Amino acid sequence: AQDKFIVVQSTTSTQNSGLFDAILPKFAEKSGIEVRVVAVGTGQAIKNAENGDGDVLLVHAKPAEEKFVAEGWGVERHDVMYNDFVIVGPAGDPAGVAGSNDAVASLKKIAESQSPFASRGDDSGTHKAELRLWKEAGTDVASASGGWYRETGSGMGATLNTGVGMGAYILTDRATWISYGNKRDYKVLVEGDPKLFNQYGVILVNPEKHPNVKAEEGQAFIDWLIGPEGQAAIADFKIDGQQLFFPNAD
Amino acid sequence: MRDVATAFDAENVLAGAASHTPRQAQSILPISVRDLAYTVGAKQLVKIDRLTLTPGAPTIILGPNGAGKSLLLRLMHGLIEPTTGEVLFGHEPMNARIRRRQAMVFQRPVVLRRSVRANVDYALAAHGMRGRKRRKRLEELLEMGGLAPMMRQAARSLSGGEQQRLALVRAVAAGPELLFLDEPTSSLDPGATQHIEALVHRFAESGMKIVMVTHDIGQARRLAGEVVFMHRGHVVEQSPAAEFFDKPKSQAACDFVAGRLLA
Amino acid sequence: MRDVATAFDAENVLAGAASHTPRQAQSILPISVRDLAYTVGAKQLVKIDRLTLTPGAPTIILGPNGAGKSLLLRLMHGLIEPTTGEVLFGHEPMNARIRRRQAMVFQRPVVLRRSVRANVDYALAAHGMRGRKRRKRLEELLEMGGLAPMMRQAARSLSGGEQQRLALVRAVAAGPELLFLDEPTSSLDPGATQHIEALVHRFAESGMKIVMVTHDIGQARRLAGEVVFMHRGHVVEQSPAAEFFDKPKSQAACDFVAGRLLA
Amino acid sequence: MLLSLRLIISGDAELWSIVLLSLRVSLTAVIIAAVIGMPTGAALAVGRFSGRRAAIVLINALMGLPPVVVGLLVYLLLSNSGPLGVLQLLYTPTAMIIAQVVLVTPIIAALTRQVVEDLDCEYAEQLRSMGVSRIASVPTLLWDGRLSLVTALLAGFGRAIAEVGAVIIVGGNINHVTRVMTTTIALETSKGNLALALALGTILIVIAILVNAALGILGTPSQRIAHA
Amino acid sequence: MLLSLRLIISGDAELWSIVLLSLRVSLTAVIIAAVIGMPTGAALAVGRFSGRRAAIVLINALMGLPPVVVGLLVYLLLSNSGPLGVLQLLYTPTAMIIAQVVLVTPIIAALTRQVVEDLDCEYAEQLRSMGVSRIASVPTLLWDGRLSLVTALLAGFGRAIAEVGAVIIVGGNINHVTRVMTTTIALETSKGNLALALALGTILIVIAILVNAALGILGTPSQRIAHA
Ligand SMILES: Nc1ncnc2c1ncn2[C@@H]1O[C@H](COP(=O)(O)OP(=O)(O)OP(=O)(O)O)[C@@H](O)[C@H]1O
Ligand SMILES: Nc1ncnc2c1ncn2[C@@H]1O[C@H](COP(=O)(O)OP(=O)(O)OP(=O)(O)O)[C@@H](O)[C@H]1O
Ligand SMILES: [Mg+2]
Ligand SMILES: [Mg+2]
């Protein structure tokens, strides 16, 4: 470990995908700054950042991020990249949603057929996105909780394990899914709906709130990430030929 | 511990025996010790080439502290494995059947963490006694040991002498044919000592083989049929009691009886 | 355990005392027991209104099994708290300073899970002895108990008599002024018994107060200055030895000495 | 603190169902683990078979079984594509009990072995003399050592009630179905509701104290009799 | 299995650094916990102060401290906005050691109390007679009870090496910095690499066995002396 380092509070999806392992060495090589990633639930990541236990926050829950900045915990929010959510399910596809590119309609079908659906249920970016879709679908999932609608209250990976284990449909971000190793007979059934867009943002934790935030190094990392090199690195990160994240820094 | 009790009990002990251990064809006597050695590290603690204990009057084992008396009893009773050699009962080595026909009272009684009553009852149960018969026997035994008044007390809280009495009645619970006693009266008062000696005497007369260690020469004189004298792990002599006490063969034995022998 | 050793040792025991417990102004004697009662549940195990043990020749406590002898020693030595009443040494109740000036040998020796040597050394260390002096003393004590040959052995593996000897030398390690002995020769051979009696005798002569329980009437006769006779938790009589043995005041005492008393 | 108090007082129905499930799962697991572990531990203590040493080292080592690993094993066992898939036990409280039994049994067995071995050191020759075989002496040793064994039970209970790694994998922390205290705490933590998580933690510890007080009574020294 | 074998043989440098960190953290934690817990437990065993019973119940209950809760407490303590934030210990191995010490100390203390109390039951009067005060008898009892105490240590080690909840919160499972066996297993599990996770679990257990074999030697019955 170098003596110069920063701590990035991020989410399990980004870590599980292996993105950081791919791009961080390039940054370290250039800047001599080691990036230490703490991957936890979105809520916990934001909380940790508010406590000043990180220099940079990298998550995918735009409203929460904007609130974070508005309250002065963070300096400024930048778009970094996006990927998309997909609905995965068993090959059997009891609700018959395969091939659809309409997320809301698919969820309706799942609800009507009472097919098991595994939700993160942990207020994470993914979970919030999922709830938005259910709202549009007009399904009251709260009442179905414990029945066909199962809140696993855990990270993306754990939820995939659980869902796969019980043959449930799952909304997951594509990156985690592609790098996920326990697919069994599961396939991506629903994709390509603009509503499934998943934007990642990066924020420097406000040094005025927490003096020992390494603003300089942190900013350096952000600049690199949203700069040409970082963006290229993100684009280059592929798993068996598939690109997982799409850089879109402004 | 009324004396009337004892006569009655003595028979009963054997009654106990007869009733539940039908005498096997061959007896577990004589006990034959052959080339027995017990060694710890480099120390040879017991070394006995030949020793035979025949049926009949009690065999008393005498010898200074550390002579190996307790080890010998534990070796014969099969509690520790000899380094070499063997112990035969009749013509068989120790086995479960032979063990159920013998018992031992340890020099330092080990009582279970239970009531006095439960301690005796445990021994009866261990010998497969059941129901009414067991209850009756239990009462006789507590009576014999003078323990009836304190039968509900935790055995651990008994006085030294009481514990020793408990150990004795527990040992004879199932009426053994062979009884090893390691200084069974060492912490008994004069009255209890006489009582136990009387019991031992009666047991012997009614056919139970007694092998007993004691440091009380008077007691040895009173009970011994034969004496086995040990010194430094060896059996120095084995003679009829009368002989041993008026003219011991070995110098060591002389000194010992006179209290002149120093370990 | 050579006899020459003993004379030499006896002085040394007190030397030990003198050297590290500078005689306090007031002595810890007499021991005065006042309205002492020890009760467990509903059972009153010990009840003594007045008992005073003065300096001088050994006090021997006699009594049947379960009379309360061991409890009395433990009460006086402050190992158990009386239900009511108190024990005074001189005019003070038990305290740390008084405790360091007395010692006790238990009826059932408790040896530490260490070597024989370590057991004795522990007692010396506990009394704050250090360095060369301690090493010298350690050797004397092992010699006195005849334990030198087996000093490296695990104390747990000692024979019954050897453990009792270890307990005794450990008790006198720091040269107490007051020594409680609970049947200290119960499992000793005749020679060792004589040896210990000789030691006790010398200790007493050189000013150590001995309070000893025994079931060996002969031993009592040999050592006793005075006799305290207990029965059913009470002190039935306290008389000079001579008196007690030729005409005991109480019937119980008569029967006891004759071995006729039944607990 | 305050939060937890409010939670308790408000007697929130959902909270209580979670608490009760925690207790049900862990107590059941500990009882089963005791039934298996105590005789096993005692047998290891008194047994004289070859490979005994190895067995003891193993059982001691298994006290270090990682909950996550146990969870995975049970998961693979119970999952639809696993040998016992047909039982459809995955994501049920039963699955959680199974996982905790696996986790707790070695702890109880290892600690029992210790206690029983110490007691046997005192009893062995006496029992043998009474014709009680090594194996037949197991119940005697367990019974007479019961006061000391209480602590072994409590250690097992502590491990069960506190662990999250195994139950979250085989239970899935499904709301209203398999959500217990520890999984809830983990969830609230990942949501960043640290205060709530701590409040729940406090409740969990209070419960542990109550259970211990209840069981503990059995093992209190007052019940011992000093040696004569 | 195969996988773990391959991993071990290939002697993957990264794997080894993770294994070593696990051992370093847990062994350090256990040693510290023993230094605190054993005297505490012994004091509870021999002490005669009021509230002793309560203290014993408490220490037994603390064996049920949930790792996640301990993790949170230590996190709040070490967090930059926490009292000890200035020390900058969060997300370092030191933080993980602290958390495990909190977790393991009660276990070692509670089990020590048991062992020492049993031994004291035998020693108490003798030591008292020799003028050794209750408190001064603690070292004696710990020393003479050492063979039985080994199991307490091993139980503590088992808990430390196996737990993930606390270390992941205060360590952050940062690659090359605070990543240990259990956090790696948790990570691989969440990635769905169950085979790899199990392989790592196997390695972890093998390590536990080795450590136990090493420590275990001390506590083997062969070293005991049967009572005369
Ligand atoms: N494990 C051991 N290691 C070394 N010596 C031992 C061991 N066990 C016993 N001994 C020694 O063996 C000798 C015989 O022991 P044993 O108990 O048979 O003596 P004993 O004749 O019964 O003496 P006592 O009359 O005092 O009971 C003793 O000197 C004892 O120290
Ligand atoms: N906790 C207890 N509960 C009930 N009775 C007890 C308890 N402790 C001791 N006793 C009884 O108190 C009596 C006196 O015990 P103590 O040990 O003083 O007898 P002792 O005079 O030393 O007898 P011995 O000569 O056999 O050693 C005994 O009858 C014993 O059973
Ligand atoms: Mg002997
Ligand atoms: Mg007594």
# chains A, B, ... in the order shown; residues from 1 in each chain; ligands from 1
>>> calpha_fit_and_write(fixed="chain B", moving="chain C", output="short mmCIF file (atom, residue, chain, number, x, y, z; two decimals) with C-alpha atoms, in the first residue's frame")
data_model
loop_
_atom_site.label_atom_id
_atom_site.label_comp_id
_atom_site.auth_asym_id
_atom_site.auth_seq_id
_atom_site.Cartn_x
_atom_site.Cartn_y
_atom_site.Cartn_z
CA MET C 1 -24.91 -48.71 63.01
CA ARG C 2 -26.54 -50.88 65.67
CA ASP C 3 -24.66 -54.11 66.18
CA VAL C 4 -27.73 -56.28 65.76
CA ALA C 5 -27.87 -54.91 62.26
CA THR C 6 -24.47 -56.20 61.29
CA ALA C 7 -24.94 -59.96 61.70
CA PHE C 8 -28.08 -59.65 59.68
CA ASP C 9 -26.36 -57.46 57.10
CA ALA C 10 -23.36 -59.72 56.66
CA GLU C 11 -25.55 -62.58 55.49
CA ASN C 12 -27.48 -60.16 53.39
CA VAL C 13 -24.41 -58.98 51.55
CA LEU C 14 -23.94 -62.50 50.29
CA ALA C 15 -27.65 -62.94 49.84
CA GLY C 16 -27.28 -59.96 47.56
CA ALA C 17 -24.45 -61.70 45.78
CA ALA C 18 -26.14 -65.08 45.48
CA SER C 19 -29.35 -63.57 44.24
CA HIS C 20 -28.01 -61.60 41.29
CA THR C 21 -24.64 -63.16 40.41
CA PRO C 22 -25.49 -66.84 40.15
CA ARG C 23 -22.19 -68.49 41.14
CA GLN C 24 -20.36 -69.24 37.91
CA ALA C 25 -19.02 -72.73 37.36
CA GLN C 26 -15.41 -71.69 38.01
CA SER C 27 -14.52 -69.35 40.85
CA ILE C 28 -12.57 -66.12 40.30
CA LEU C 29 -10.05 -67.39 42.84
CA PRO C 30 -7.17 -67.91 43.28
CA ILE C 31 -5.74 -64.58 42.09
CA SER C 32 -2.43 -65.34 40.39
CA VAL C 33 0.02 -62.52 39.71
CA ARG C 34 2.70 -63.42 37.15
CA ASP C 35 5.83 -61.37 36.34
CA LEU C 36 3.91 -58.23 37.09
CA ALA C 37 5.71 -54.93 36.55
CA TYR C 38 4.41 -51.37 36.59
CA THR C 39 6.81 -48.74 35.39
CA VAL C 40 6.45 -44.98 34.98
CA GLY C 41 9.19 -43.45 32.93
CA ALA C 42 12.39 -44.97 34.27
CA LYS C 43 10.89 -45.73 37.70
CA GLN C 44 9.86 -49.33 38.32
CA LEU C 45 7.13 -48.86 40.90
CA VAL C 46 5.94 -52.45 41.19
CA LYS C 47 7.78 -55.67 40.35
CA ILE C 48 6.25 -58.97 41.45
CA ASP C 49 7.33 -62.26 39.90
CA ARG C 50 4.84 -64.57 41.58
CA LEU C 51 2.03 -63.97 44.02
CA THR C 52 -0.98 -66.19 44.59
CA LEU C 53 -3.93 -65.25 46.77
CA THR C 54 -6.07 -68.28 47.62
CA PRO C 55 -9.63 -68.41 48.98
CA GLY C 56 -9.98 -68.33 52.76
CA ALA C 57 -9.15 -65.94 55.56
CA PRO C 58 -8.33 -62.29 54.70
CA THR C 59 -5.01 -61.42 53.08
CA ILE C 60 -3.55 -58.31 54.72
CA ILE C 61 -1.00 -56.30 52.75
CA LEU C 62 1.50 -54.44 54.92
CA GLY C 63 4.34 -52.15 53.98
CA PRO C 64 5.76 -48.68 54.40
CA ASN C 65 4.37 -45.64 52.63
CA GLY C 66 5.19 -45.78 48.97
CA ALA C 67 5.85 -49.53 49.03
CA GLY C 68 3.38 -50.02 46.18
CA LYS C 69 0.41 -51.41 48.08
CA SER C 70 -2.23 -49.22 46.46
CA LEU C 71 -0.71 -49.72 43.02
CA LEU C 72 -0.83 -53.47 43.54
CA LEU C 73 -4.51 -53.35 44.48
CA ARG C 74 -5.27 -51.15 41.45
CA LEU C 75 -3.31 -53.52 39.22
CA MET C 76 -5.11 -56.58 40.54
CA HIS C 77 -8.51 -54.87 40.35
CA GLY C 78 -7.70 -53.92 36.76
CA LEU C 79 -7.83 -50.16 37.21
CA ILE C 80 -4.39 -49.66 35.70
CA GLU C 81 -2.69 -51.71 33.03
CA PRO C 82 0.56 -53.43 34.04
CA THR C 83 3.61 -52.60 31.96
CA THR C 84 4.34 -56.31 31.73
CA GLY C 85 2.91 -59.50 33.21
CA GLU C 86 -0.66 -60.40 34.03
CA VAL C 87 -3.20 -61.04 36.74
CA LEU C 88 -5.38 -64.13 36.50
CA PHE C 89 -8.64 -64.84 38.30
CA GLY C 90 -9.07 -68.57 38.40
CA HIS C 91 -7.49 -69.07 35.02
CA GLU C 92 -8.92 -66.08 33.19
CA PRO C 93 -7.60 -62.55 32.88
CA MET C 94 -9.88 -59.70 33.97
CA ASN C 95 -13.11 -59.30 32.03
CA ALA C 96 -16.50 -57.68 32.54
CA ARG C 97 -18.01 -60.80 34.13
CA ILE C 98 -15.14 -61.14 36.57
CA ARG C 99 -15.23 -57.46 37.42
CA ARG C 100 -18.89 -57.57 38.45
CA ARG C 101 -17.94 -60.18 41.03
CA GLN C 102 -15.36 -58.00 42.79
CA ALA C 103 -15.24 -54.54 44.32
CA MET C 104 -12.77 -52.11 45.90
CA VAL C 105 -12.70 -49.38 48.52
CA PHE C 106 -10.17 -46.70 47.58
CA GLN C 107 -7.66 -45.25 49.98
CA ARG C 108 -9.15 -41.87 49.18
CA PRO C 109 -12.88 -42.42 48.71
CA VAL C 110 -14.39 -40.99 45.52
CA VAL C 111 -18.02 -40.09 46.16
CA LEU C 112 -20.30 -38.98 43.36
CA ARG C 113 -21.65 -35.42 43.47
CA ARG C 114 -24.98 -36.71 44.67
CA SER C 115 -26.77 -37.48 47.90
CA VAL C 116 -25.52 -40.30 50.13
CA ARG C 117 -28.55 -42.33 49.16
CA ALA C 118 -27.99 -41.75 45.44
CA ASN C 119 -24.38 -42.87 45.80
CA VAL C 120 -25.35 -46.25 47.16
CA ASP C 121 -28.30 -46.57 44.82
CA TYR C 122 -26.00 -45.88 41.88
CA ALA C 123 -23.87 -48.89 42.74
CA LEU C 124 -26.97 -51.09 42.98
CA ALA C 125 -28.25 -49.86 39.63
CA ALA C 126 -24.80 -50.40 38.11
CA HIS C 127 -25.12 -54.04 39.07
CA GLY C 128 -28.48 -54.28 37.41
CA MET C 129 -30.66 -54.41 40.52
CA ARG C 130 -34.20 -53.15 40.06
CA GLY C 131 -37.38 -52.13 41.77
CA ARG C 132 -38.52 -53.27 45.23
CA LYS C 133 -35.52 -55.55 45.79
CA ARG C 134 -33.19 -52.63 45.17
CA ARG C 135 -35.08 -50.32 47.51
CA LYS C 136 -34.95 -52.92 50.28
CA ARG C 137 -31.24 -53.52 49.78
CA LEU C 138 -30.59 -49.76 49.74
CA GLU C 139 -32.11 -49.38 53.19
CA GLU C 140 -30.12 -52.31 54.60
CA LEU C 141 -26.88 -50.83 53.27
CA LEU C 142 -27.51 -47.31 54.61
CA GLU C 143 -28.34 -48.93 57.93
CA MET C 144 -25.19 -51.05 57.85
CA GLY C 145 -23.02 -47.97 57.27
CA GLY C 146 -24.84 -45.93 59.88
CA LEU C 147 -25.69 -43.50 57.10
CA ALA C 148 -29.48 -43.66 57.28
CA PRO C 149 -29.74 -40.43 59.31
CA MET C 150 -27.83 -38.45 56.67
CA MET C 151 -28.94 -40.23 53.50
CA ARG C 152 -30.35 -37.06 51.92
CA GLN C 153 -27.17 -35.07 52.56
CA ALA C 154 -24.74 -34.33 49.72
CA ALA C 155 -22.11 -37.07 49.91
CA ARG C 156 -19.41 -34.43 49.40
CA SER C 157 -20.37 -32.80 52.68
CA LEU C 158 -19.93 -35.95 54.76
CA SER C 159 -17.16 -36.07 57.31
CA GLY C 160 -14.03 -38.03 56.46
CA GLY C 161 -15.12 -41.08 58.43
CA GLU C 162 -18.65 -40.96 57.08
CA GLN C 163 -17.32 -40.87 53.53
CA GLN C 164 -15.18 -43.88 54.23
CA ARG C 165 -18.18 -45.78 55.57
CA LEU C 166 -20.17 -44.76 52.49
CA ALA C 167 -17.40 -46.06 50.25
CA LEU C 168 -17.46 -49.40 52.07
CA VAL C 169 -21.18 -50.05 51.90
CA ARG C 170 -21.19 -48.93 48.28
CA ALA C 171 -18.49 -51.47 47.53
CA VAL C 172 -20.34 -54.38 49.14
CA ALA C 173 -23.66 -53.21 47.69
CA ALA C 174 -23.90 -56.01 45.15
CA GLY C 175 -22.28 -58.65 47.35
CA PRO C 176 -18.92 -59.18 45.67
CA GLU C 177 -17.04 -62.47 46.04
CA LEU C 178 -13.74 -60.59 46.17
CA LEU C 179 -13.23 -57.31 48.02
CA PHE C 180 -10.15 -55.07 47.90
CA LEU C 181 -9.89 -52.67 50.86
CA ASP C 182 -7.27 -49.90 50.86
CA GLU C 183 -6.92 -48.66 54.45
CA PRO C 184 -10.70 -48.70 54.95
CA THR C 185 -10.61 -47.61 58.58
CA SER C 186 -7.85 -44.97 58.38
CA SER C 187 -10.18 -42.16 59.39
CA LEU C 188 -12.72 -44.07 61.47
CA ASP C 189 -13.20 -43.62 65.18
CA PRO C 190 -12.48 -46.57 67.50
CA GLY C 191 -16.12 -47.65 67.59
CA ALA C 192 -16.61 -47.53 63.85
CA THR C 193 -13.30 -49.32 63.37
CA GLN C 194 -14.45 -52.18 65.59
CA HIS C 195 -17.74 -52.27 63.74
CA ILE C 196 -16.07 -52.47 60.34
CA GLU C 197 -13.62 -55.08 61.56
CA ALA C 198 -16.56 -57.16 62.77
CA LEU C 199 -18.21 -56.77 59.37
CA VAL C 200 -15.06 -57.72 57.51
CA HIS C 201 -14.71 -60.72 59.76
CA ARG C 202 -18.27 -61.86 59.00
CA PHE C 203 -17.88 -61.22 55.28
CA ALA C 204 -14.80 -63.42 55.29
CA GLU C 205 -16.51 -66.17 57.24
CA SER C 206 -19.40 -66.21 54.83
CA GLY C 207 -16.97 -66.87 51.98
CA MET C 208 -16.00 -63.44 50.63
CA LYS C 209 -12.30 -63.11 49.86
CA ILE C 210 -10.85 -59.98 51.49
CA VAL C 211 -7.59 -58.37 50.34
CA MET C 212 -6.88 -55.44 52.62
CA VAL C 213 -4.16 -52.85 53.06
CA THR C 214 -3.71 -51.32 56.51
CA HIS C 215 -1.13 -49.48 58.58
CA ASP C 216 -2.80 -50.54 61.83
CA ILE C 217 -0.68 -53.46 63.05
CA GLY C 218 -3.24 -54.32 65.73
CA GLN C 219 -5.95 -54.48 63.11
CA ALA C 220 -3.73 -56.67 60.95
CA ARG C 221 -3.24 -59.09 63.83
CA ARG C 222 -6.97 -59.22 64.48
CA LEU C 223 -8.04 -59.85 60.87
CA ALA C 224 -5.19 -61.41 58.96
CA GLY C 225 -5.23 -64.99 57.76
CA GLU C 226 -2.05 -64.37 55.87
CA VAL C 227 0.18 -61.31 55.50
CA VAL C 228 1.81 -60.03 52.32
CA PHE C 229 4.64 -57.66 53.15
CA MET C 230 5.71 -55.17 50.48
CA HIS C 231 8.77 -52.96 50.33
CA ARG C 232 10.03 -50.76 47.46
CA GLY C 233 7.57 -52.27 44.99
CA HIS C 234 8.47 -55.88 45.78
CA VAL C 235 6.68 -58.56 47.79
CA VAL C 236 9.31 -59.29 50.42
CA GLU C 237 7.37 -62.05 52.12
CA GLN C 238 4.02 -63.80 52.23
CA SER C 239 3.34 -65.82 55.39
CA PRO C 240 0.52 -67.00 57.61
CA ALA C 241 -0.37 -64.21 60.07
CA ALA C 242 0.80 -66.02 63.22
CA GLU C 243 4.20 -66.72 61.68
CA PHE C 244 4.64 -63.24 60.30
CA PHE C 245 3.95 -61.53 63.58
CA ASP C 246 6.07 -63.64 65.92
CA LYS C 247 9.08 -64.21 63.64
CA PRO C 248 9.08 -62.40 60.31
CA LYS C 249 11.47 -63.89 57.76
CA SER C 250 12.86 -60.56 56.57
CA GLN C 251 14.71 -57.89 58.52
CA ALA C 252 12.64 -55.20 56.80
CA ALA C 253 9.44 -56.78 58.11
CA CYS C 254 10.90 -56.88 61.64
CA ASP C 255 11.82 -53.23 61.57
CA PHE C 256 8.47 -52.32 60.01
CA VAL C 257 6.40 -54.02 62.71
CA ALA C 258 8.60 -52.37 65.33
CA GLY C 259 8.05 -49.03 63.63
CA ARG C 260 11.78 -48.83 62.99
CA LEU C 261 11.64 -49.08 59.18
CA LEU C 262 12.21 -45.77 57.42
CA ALA C 263 10.90 -45.35 53.90
#
>>> interface_residues(of="chain E", to="chain A", cutoff="7 Å", atoms="only C-alpha atoms", output="list in words")
Ser79, Asn80, Ser81, Gly172, Asn173, Ile174, Ser190, Lys191, Gly192 and Asn193 of chain E
>>> residues_around(residues="Val88 in chain A", least_positions_apart="5", cutoff="7 Å", atoms="only C-alpha atoms", output="number ranges by chain")
A: 169-171, 186-190
>>> write_last_selection(atoms="all heavy atoms", output="PDB file, in the first residue's frame")
ATOM      1  N   TYR A 169     -38.173 -13.932 -10.102  1.00  0.00           N
ATOM      2  CA  TYR A 169     -37.680 -12.876 -10.986  1.00  0.00           C
ATOM      3  C   TYR A 169     -36.907 -11.883 -10.139  1.00  0.00           C
ATOM      4  O   TYR A 169     -37.192 -11.694  -8.962  1.00  0.00           O
ATOM      5  CB  TYR A 169     -38.839 -12.175 -11.674  1.00  0.00           C
ATOM      6  CG  TYR A 169     -39.554 -13.036 -12.707  1.00  0.00           C
ATOM      7  CD1 TYR A 169     -40.637 -13.810 -12.351  1.00  0.00           C
ATOM      8  CD2 TYR A 169     -39.107 -13.058 -14.022  1.00  0.00           C
ATOM      9  CE1 TYR A 169     -41.292 -14.603 -13.289  1.00  0.00           C
ATOM     10  CE2 TYR A 169     -39.746 -13.846 -14.978  1.00  0.00           C
ATOM     11  CZ  TYR A 169     -40.836 -14.612 -14.594  1.00  0.00           C
ATOM     12  OH  TYR A 169     -41.469 -15.394 -15.520  1.00  0.00           O
ATOM     13  N   ILE A 170     -35.885 -11.247 -10.763  1.00  0.00           N
ATOM     14  CA  ILE A 170     -35.071 -10.285 -10.022  1.00  0.00           C
ATOM     15  C   ILE A 170     -34.741  -9.116 -10.947  1.00  0.00           C
ATOM     16  O   ILE A 170     -34.434  -9.313 -12.128  1.00  0.00           O
ATOM     17  CB  ILE A 170     -33.743 -10.909  -9.563  1.00  0.00           C
ATOM     18  CG1 ILE A 170     -33.988 -12.253  -8.883  1.00  0.00           C
ATOM     19  CG2 ILE A 170     -32.991  -9.964  -8.647  1.00  0.00           C
ATOM     20  CD1 ILE A 170     -32.886 -13.254  -9.054  1.00  0.00           C
ATOM     21  N   LEU A 171     -34.848  -7.911 -10.393  1.00  0.00           N
ATOM     22  CA  LEU A 171     -34.348  -6.735 -11.112  1.00  0.00           C
ATOM     23  C   LEU A 171     -32.911  -6.501 -10.656  1.00  0.00           C
ATOM     24  O   LEU A 171     -32.648  -6.352  -9.469  1.00  0.00           O
ATOM     25  CB  LEU A 171     -35.184  -5.490 -10.793  1.00  0.00           C
ATOM     26  CG  LEU A 171     -34.699  -4.224 -11.483  1.00  0.00           C
ATOM     27  CD1 LEU A 171     -35.306  -4.088 -12.866  1.00  0.00           C
ATOM     28  CD2 LEU A 171     -35.010  -2.980 -10.646  1.00  0.00           C
ATOM     29  N   TYR A 186     -30.715 -19.203 -15.399  1.00  0.00           N
ATOM     30  CA  TYR A 186     -31.308 -17.857 -15.483  1.00  0.00           C
ATOM     31  C   TYR A 186     -30.853 -17.105 -16.727  1.00  0.00           C
ATOM     32  O   TYR A 186     -29.733 -17.274 -17.197  1.00  0.00           O
ATOM     33  CB  TYR A 186     -30.951 -17.057 -14.229  1.00  0.00           C
ATOM     34  CG  TYR A 186     -32.039 -17.143 -13.182  1.00  0.00           C
ATOM     35  CD1 TYR A 186     -32.484 -18.380 -12.751  1.00  0.00           C
ATOM     36  CD2 TYR A 186     -32.634 -15.999 -12.667  1.00  0.00           C
ATOM     37  CE1 TYR A 186     -33.480 -18.485 -11.809  1.00  0.00           C
ATOM     38  CE2 TYR A 186     -33.625 -16.092 -11.715  1.00  0.00           C
ATOM     39  CZ  TYR A 186     -34.055 -17.329 -11.293  1.00  0.00           C
ATOM     40  OH  TYR A 186     -35.046 -17.426 -10.367  1.00  0.00           O
ATOM     41  N   LYS A 187     -31.755 -16.291 -17.258  1.00  0.00           N
ATOM     42  CA  LYS A 187     -31.447 -15.482 -18.448  1.00  0.00           C
ATOM     43  C   LYS A 187     -31.960 -14.067 -18.231  1.00  0.00           C
ATOM     44  O   LYS A 187     -32.844 -13.842 -17.400  1.00  0.00           O
ATOM     45  CB  LYS A 187     -32.163 -16.072 -19.669  1.00  0.00           C
ATOM     46  CG  LYS A 187     -31.656 -17.439 -20.103  1.00  0.00           C
ATOM     47  CD  LYS A 187     -32.254 -17.818 -21.433  1.00  0.00           C
ATOM     48  CE  LYS A 187     -31.738 -19.182 -21.883  1.00  0.00           C
ATOM     49  NZ  LYS A 187     -31.790 -20.177 -20.761  1.00  0.00           N
ATOM     50  N   VAL A 188     -31.411 -13.135 -19.023  1.00  0.00           N
ATOM     51  CA  VAL A 188     -31.993 -11.797 -19.066  1.00  0.00           C
ATOM     52  C   VAL A 188     -33.279 -11.903 -19.852  1.00  0.00           C
ATOM     53  O   VAL A 188     -33.294 -12.352 -21.007  1.00  0.00           O
ATOM     54  CB  VAL A 188     -31.042 -10.808 -19.757  1.00  0.00           C
ATOM     55  CG1 VAL A 188     -31.743  -9.471 -19.955  1.00  0.00           C
ATOM     56  CG2 VAL A 188     -29.786 -10.641 -18.930  1.00  0.00           C
ATOM     57  N   LEU A 189     -34.419 -11.531 -19.249  1.00  0.00           N
ATOM     58  CA  LEU A 189     -35.708 -11.677 -19.936  1.00  0.00           C
ATOM     59  C   LEU A 189     -36.231 -10.336 -20.425  1.00  0.00           C
ATOM     60  O   LEU A 189     -36.831 -10.239 -21.482  1.00  0.00           O
ATOM     61  CB  LEU A 189     -36.715 -12.318 -18.973  1.00  0.00           C
ATOM     62  CG  LEU A 189     -36.331 -13.704 -18.453  1.00  0.00           C
ATOM     63  CD1 LEU A 189     -37.341 -14.203 -17.436  1.00  0.00           C
ATOM     64  CD2 LEU A 189     -36.178 -14.691 -19.598  1.00  0.00           C
ATOM     65  N   VAL A 190     -35.983  -9.295 -19.644  1.00  0.00           N
ATOM     66  CA  VAL A 190     -36.483  -7.977 -20.022  1.00  0.00           C
ATOM     67  C   VAL A 190     -35.327  -6.997 -20.025  1.00  0.00           C
ATOM     68  O   VAL A 190     -34.592  -6.899 -19.043  1.00  0.00           O
ATOM     69  CB  VAL A 190     -37.563  -7.495 -19.031  1.00  0.00           C
ATOM     70  CG1 VAL A 190     -38.094  -6.133 -19.476  1.00  0.00           C
ATOM     71  CG2 VAL A 190     -38.692  -8.506 -18.927  1.00  0.00           C
TER      72      VAL A 190
END
